[in-house]
Amino acid sequence: MENQIVDGVEAPNFSALNCIDLSNPDIHQSVSLLKQACLDCGFFYVVNHGISQEFMEEVFAQSKRMFSLPLSEKMKLLRNEKNRGYIPVFDELLDPVNQVQRDNREGYDIGLEVAEDDPDAEKPYYGPNIWPQQDQLPGWRETMEKFHQQALEVARSVARIIALALGLDHDFFDKPEMLGEPIALLRPLHYEGQSDPSKGIFGAGAHSDYVFITLVATDDILGLQICKDRDANPQKWEYVAPIKGAFIVNLGDLLERWSNCIFKSTLHRVLSNDQDRYSITYFVYPSHDCLVECLPTCKSDKNPPKFPPILCQTYLDQRNKNIQADLSIYNKHESET
């Protein structure tokens with residue numbers, strides 16, 4: 001539905017999403033609510049997830065401290081080819097068809113910490129993180145590492161309900177090659193400026209995540225929108241209301257592929273309204289060596305697999321191209337200043 005005009009003011013239209021309580025002892029109810037959400041739009045809320053509100057607020061406070069640093073200091077922490085470090089404003093382009101400028105947001109990527117001399121550090125998306133100096137942002141590293149660990153446990157809890165909703169054993173995704181040893185990326189984000197979809201200006205352009213699942217914690221500023229039918233003309237966008245202490249969870253393209261398109265990965269975008277908006281995003285993928293092939297409960301003679309098997313690492317290499325700016329442009333800028 002389009003936003004409606006009430007008393008001369010445009011009233012935002014909100015999407016009604018199911019809410020999954022991870023403390024609910026009635027697992028059948030949780031599975032039912034999650035399955036309905038995954039069949040409908042691939043977005044839902046998760047509450048009582050085990051991360052305290054006090055700690056969530058500390059993560060947001062530390063995130064704001066990072067983004068409040070002078071740009072010259074943030075650029076010393078510039079992201080590398082391993083997806084670690086600071087992501088400048090206008091670095092990413094998520095919807096090249098409809099965007100006239102790149103995403104008006106900045107972020108910071110933090111992955112699982114892998115020492116430089118560890119053989120696994122040779123793999124894409126693995127390696128040591130880029131950390132600010134302790135005297136520059138006291139407690140920042142400790143806070144982000146703790147949140148990374150706790151968010152991964154939330155993701156595993158959600159994945160167990162997803163498994164049951166797909167008719168699998170509850171621990172199906174706990175295997176080492178799946179979420180036992182996953183690729184998981186924590187990304188605090190800061191949005192600014194004024195979006196104007198009619199002019200191709202967005203906080204984040206329309207896209208679907210190419211992950212297994214994404215967890216998102218937001219402040220109380222509206223911005224996230226979803227489009228349940230990407231093929232509609234015109235597309236209809238609905239806001240996702242922030243809920244204090246909750247995670248917004250969305251399914252990614254990888255899970256849609258894994259489930260043979262039974263579960264949906266939905267188009268979403270972010271509109272900014274000249275207010276500073278902060279969110280904490282947590283992207284979850286299986287391990288590099290996981291073979292993603294149609295799940296046994298998602299295929300039949302009448303519904304054969306729609307995609308060939310693919311290694312997660314190969315899949316990521318294919319999907320991650322051309323989203324971020326070439327790092328050489330920043331080196332060029334430095335040499336000219």
# chains A, B, ... in the order shown; residues from 1 in each chain; ligands from 1

$ select_by_dssp --residues "segment 78-175 of chain A" --states "alpha helix (DSSP H)" --output "PyMOL selection string"
chain A and resi 140-165

$ closest_atom_pairs --of "segment 71-159 of chain A" --to "segment 277-284 of chain A" --cutoff "10 Å" --atoms "only C-alpha atoms" --output "CSV"
residue,atom,partner,partner_atom,distance
A:Arg105,CA,A:Arg277,CA,9.3
A:Glu106,CA,A:Tyr278,CA,9.9
A:Gly107,CA,A:Ile280,CA,9.3
A:Tyr108,CA,A:Ile280,CA,9.8
A:Asp109,CA,A:Thr281,CA,9.6
A:Ile110,CA,A:Tyr282,CA,9.5
A:Gly111,CA,A:Phe283,CA,9.6
A:Phe147,CA,A:Tyr282,CA,9.8
A:His148,CA,A:Tyr282,CA,8.0
A:Ala151,CA,A:Tyr282,CA,7.3
A:Leu152,CA,A:Val284,CA,7.9
A:Ala155,CA,A:Val284,CA,7.5
A:Arg156,CA,A:Val284,CA,9.5

$ atom_distance --atom1 "atom CA of Gly203 of chain A" --atom2 "atom CA of Lys64 of chain A"
17.1 Å

$ select_by_dssp --residues "segment 47-211 of chain A" --states "strand (DSSP E)" --output "VMD selection string"
chain A and resid 47 85 to 87 105 to 111 183 to 191 204 to 207

$ atom_distance --atom1 "atom CA of Leu93 of chain A" --atom2 "atom CA of Lys199 of chain A"
15.1 Å

$ residues_around --residues "Gln235 of chain A" --least-positions-apart "2" --cutoff "12 Å" --atoms "only C-alpha atoms" --output "PyMOL selection string"
chain A and resi 1-2+197+206+225-233+237-238+267-268

$ write_last_selection --atoms "all heavy atoms" --output "short mmCIF file (atom, residue, chain, number, x, y, z; two decimals), in the first residue's frame"
data_model
loop_
_atom_site.label_atom_id
_atom_site.label_comp_id
_atom_site.auth_asym_id
_atom_site.auth_seq_id
_atom_site.Cartn_x
_atom_site.Cartn_y
_atom_site.Cartn_z
N MET A 1 0.84 -1.20 0.00
CA MET A 1 0.00 0.00 0.00
C MET A 1 0.87 1.25 0.00
O MET A 1 1.95 1.28 0.58
CB MET A 1 -0.90 0.03 1.23
CG MET A 1 -1.91 -1.09 1.28
SD MET A 1 -2.76 -1.14 2.87
CE MET A 1 -3.56 0.47 2.85
N GLU A 2 0.39 2.30 -0.69
CA GLU A 2 1.09 3.57 -0.67
C GLU A 2 0.81 4.29 0.65
O GLU A 2 -0.19 4.03 1.32
CB GLU A 2 0.62 4.44 -1.84
CG GLU A 2 0.93 3.85 -3.21
CD GLU A 2 2.40 3.68 -3.46
OE1 GLU A 2 3.18 4.50 -2.94
OE2 GLU A 2 2.78 2.73 -4.16
N PRO A 197 13.25 9.03 -3.46
CA PRO A 197 13.17 7.94 -4.45
C PRO A 197 12.91 8.44 -5.87
O PRO A 197 13.40 7.84 -6.83
CB PRO A 197 12.00 7.10 -3.93
CG PRO A 197 11.97 7.35 -2.46
CD PRO A 197 12.36 8.79 -2.31
N ALA A 206 17.33 -0.30 -3.14
CA ALA A 206 16.55 -1.54 -3.05
C ALA A 206 17.42 -2.74 -3.38
O ALA A 206 18.15 -2.75 -4.37
CB ALA A 206 15.36 -1.46 -4.00
N GLN A 225 12.24 -0.07 4.70
CA GLN A 225 11.02 -0.41 3.97
C GLN A 225 11.18 -1.75 3.26
O GLN A 225 12.29 -2.11 2.86
CB GLN A 225 10.69 0.66 2.91
CG GLN A 225 10.31 2.01 3.46
CD GLN A 225 9.92 2.96 2.33
OE1 GLN A 225 10.51 2.97 1.26
NE2 GLN A 225 8.90 3.76 2.57
N ILE A 226 10.07 -2.48 3.10
CA ILE A 226 10.09 -3.73 2.36
C ILE A 226 9.06 -3.69 1.23
O ILE A 226 8.06 -2.98 1.31
CB ILE A 226 9.84 -4.97 3.26
CG1 ILE A 226 8.43 -4.94 3.85
CG2 ILE A 226 10.88 -5.05 4.37
CD1 ILE A 226 8.08 -6.21 4.62
N CYS A 227 9.35 -4.46 0.19
CA CYS A 227 8.44 -4.60 -0.95
C CYS A 227 8.17 -6.09 -1.13
O CYS A 227 9.05 -6.83 -1.55
CB CYS A 227 9.07 -4.01 -2.21
SG CYS A 227 8.12 -4.27 -3.72
N LYS A 228 6.97 -6.52 -0.76
CA LYS A 228 6.66 -7.95 -0.76
C LYS A 228 6.58 -8.54 -2.17
O LYS A 228 6.79 -9.74 -2.35
CB LYS A 228 5.36 -8.21 0.00
CG LYS A 228 5.46 -7.90 1.49
CD LYS A 228 4.15 -8.22 2.20
CE LYS A 228 4.24 -7.91 3.68
NZ LYS A 228 2.98 -8.22 4.40
N ASP A 229 6.25 -7.71 -3.15
CA ASP A 229 6.14 -8.19 -4.53
C ASP A 229 7.04 -7.34 -5.41
O ASP A 229 6.66 -6.26 -5.86
CB ASP A 229 4.68 -8.12 -5.01
CG ASP A 229 4.49 -8.67 -6.42
OD1 ASP A 229 5.49 -9.14 -7.03
OD2 ASP A 229 3.36 -8.65 -6.91
N ARG A 230 8.24 -7.84 -5.68
CA ARG A 230 9.21 -7.07 -6.45
C ARG A 230 8.78 -6.89 -7.90
O ARG A 230 9.28 -6.01 -8.61
CB ARG A 230 10.59 -7.71 -6.38
CG ARG A 230 10.71 -9.07 -7.07
CD ARG A 230 12.14 -9.58 -7.01
NE ARG A 230 12.57 -9.85 -5.66
CZ ARG A 230 13.85 -9.83 -5.27
NH1 ARG A 230 14.79 -9.52 -6.13
NH2 ARG A 230 14.17 -10.11 -4.03
N ASP A 231 7.88 -7.75 -8.38
CA ASP A 231 7.44 -7.67 -9.77
C ASP A 231 6.24 -6.75 -9.98
O ASP A 231 5.80 -6.55 -11.12
CB ASP A 231 7.10 -9.08 -10.30
CG ASP A 231 8.32 -10.00 -10.28
OD1 ASP A 231 9.41 -9.51 -10.62
OD2 ASP A 231 8.17 -11.18 -9.92
N ALA A 232 5.68 -6.22 -8.89
CA ALA A 232 4.53 -5.32 -9.01
C ALA A 232 4.95 -4.03 -9.72
O ALA A 232 6.09 -3.58 -9.62
CB ALA A 232 3.97 -5.00 -7.63
N ASN A 233 4.01 -3.44 -10.45
CA ASN A 233 4.27 -2.19 -11.15
C ASN A 233 3.06 -1.26 -11.00
O ASN A 233 2.03 -1.51 -11.60
CB ASN A 233 4.57 -2.45 -12.63
CG ASN A 233 5.06 -1.21 -13.35
OD1 ASN A 233 5.42 -0.22 -12.71
ND2 ASN A 233 5.06 -1.26 -14.67
N TRP A 237 5.76 -0.11 -1.26
CA TRP A 237 6.72 -0.16 -0.17
C TRP A 237 6.03 0.10 1.16
O TRP A 237 5.19 1.00 1.28
CB TRP A 237 7.82 0.87 -0.40
CG TRP A 237 8.70 0.50 -1.58
CD1 TRP A 237 8.53 0.87 -2.88
CD2 TRP A 237 9.85 -0.34 -1.53
NE1 TRP A 237 9.52 0.30 -3.66
CE2 TRP A 237 10.34 -0.44 -2.85
CE3 TRP A 237 10.52 -1.01 -0.51
CZ2 TRP A 237 11.48 -1.18 -3.17
CZ3 TRP A 237 11.65 -1.75 -0.82
CH2 TRP A 237 12.12 -1.83 -2.14
N GLU A 238 6.40 -0.70 2.18
CA GLU A 238 5.85 -0.56 3.52
C GLU A 238 6.99 -0.41 4.52
O GLU A 238 8.02 -1.09 4.41
CB GLU A 238 5.02 -1.79 3.89
CG GLU A 238 3.84 -2.05 2.97
CD GLU A 238 3.15 -3.36 3.27
OE1 GLU A 238 3.86 -4.35 3.61
OE2 GLU A 238 1.92 -3.42 3.19
N LEU A 267 12.80 -7.90 -1.20
CA LEU A 267 13.41 -6.63 -1.55
C LEU A 267 13.18 -5.63 -0.40
O LEU A 267 12.08 -5.53 0.14
CB LEU A 267 12.74 -6.11 -2.83
CG LEU A 267 13.53 -5.20 -3.78
CD1 LEU A 267 14.77 -5.91 -4.29
CD2 LEU A 267 12.63 -4.78 -4.94
N HIS A 268 14.24 -4.90 -0.05
CA HIS A 268 14.11 -3.87 0.97
C HIS A 268 15.07 -2.71 0.67
O HIS A 268 16.00 -2.85 -0.11
CB HIS A 268 14.34 -4.43 2.38
CG HIS A 268 15.62 -5.17 2.56
ND1 HIS A 268 15.84 -6.46 2.09
CD2 HIS A 268 16.78 -4.82 3.17
CE1 HIS A 268 17.05 -6.86 2.41
NE2 HIS A 268 17.65 -5.89 3.05
#

$ residues_around --residues "Ile162 of chain A" --least-positions-apart "3" --cutoff "8 Å" --atoms "only C-alpha atoms" --output "ChimeraX atom specification"
/A:31,34-35,158-159,165-166

$ write_last_selection --atoms "all heavy atoms" --output "short mmCIF file (atom, residue, chain, number, x, y, z; two decimals), in the first residue's frame"
data_model
loop_
_atom_site.label_atom_id
_atom_site.label_comp_id
_atom_site.auth_asym_id
_atom_site.auth_seq_id
_atom_site.Cartn_x
_atom_site.Cartn_y
_atom_site.Cartn_z
N VAL A 31 7.37 -22.12 15.58
CA VAL A 31 7.58 -22.66 14.23
C VAL A 31 6.47 -22.19 13.30
O VAL A 31 6.71 -21.79 12.14
CB VAL A 31 7.67 -24.20 14.26
CG1 VAL A 31 7.63 -24.78 12.85
CG2 VAL A 31 8.94 -24.64 14.97
N LEU A 34 6.90 -18.43 12.51
CA LEU A 34 8.04 -18.21 11.63
C LEU A 34 7.76 -18.72 10.23
O LEU A 34 8.08 -18.04 9.23
CB LEU A 34 9.28 -18.89 12.22
CG LEU A 34 10.57 -18.71 11.41
CD1 LEU A 34 11.77 -18.51 12.34
CD2 LEU A 34 10.83 -19.90 10.49
N LYS A 35 7.16 -19.89 10.12
CA LYS A 35 6.87 -20.44 8.78
C LYS A 35 5.94 -19.53 8.01
O LYS A 35 6.15 -19.27 6.81
CB LYS A 35 6.27 -21.84 8.91
CG LYS A 35 6.08 -22.54 7.58
CD LYS A 35 5.66 -23.99 7.76
CE LYS A 35 5.57 -24.70 6.41
NZ LYS A 35 5.26 -26.14 6.58
N VAL A 158 17.57 -18.90 15.87
CA VAL A 158 16.60 -18.67 14.80
C VAL A 158 16.71 -19.77 13.75
O VAL A 158 15.69 -20.27 13.25
CB VAL A 158 16.81 -17.28 14.17
CG1 VAL A 158 15.92 -17.10 12.93
CG2 VAL A 158 16.53 -16.18 15.19
N ALA A 159 17.94 -20.16 13.42
CA ALA A 159 18.15 -21.19 12.40
C ALA A 159 17.54 -22.52 12.81
O ALA A 159 17.08 -23.29 11.96
CB ALA A 159 19.64 -21.35 12.12
N ALA A 165 10.74 -25.49 10.69
CA ALA A 165 9.71 -25.00 9.77
C ALA A 165 9.86 -25.62 8.38
O ALA A 165 8.88 -25.70 7.63
CB ALA A 165 9.78 -23.48 9.69
N LEU A 166 11.05 -26.05 8.05
CA LEU A 166 11.31 -26.69 6.75
C LEU A 166 11.21 -28.22 6.84
O LEU A 166 11.53 -28.91 5.87
CB LEU A 166 12.70 -26.29 6.24
CG LEU A 166 12.83 -24.84 5.74
CD1 LEU A 166 14.29 -24.48 5.53
CD2 LEU A 166 12.03 -24.65 4.45
#
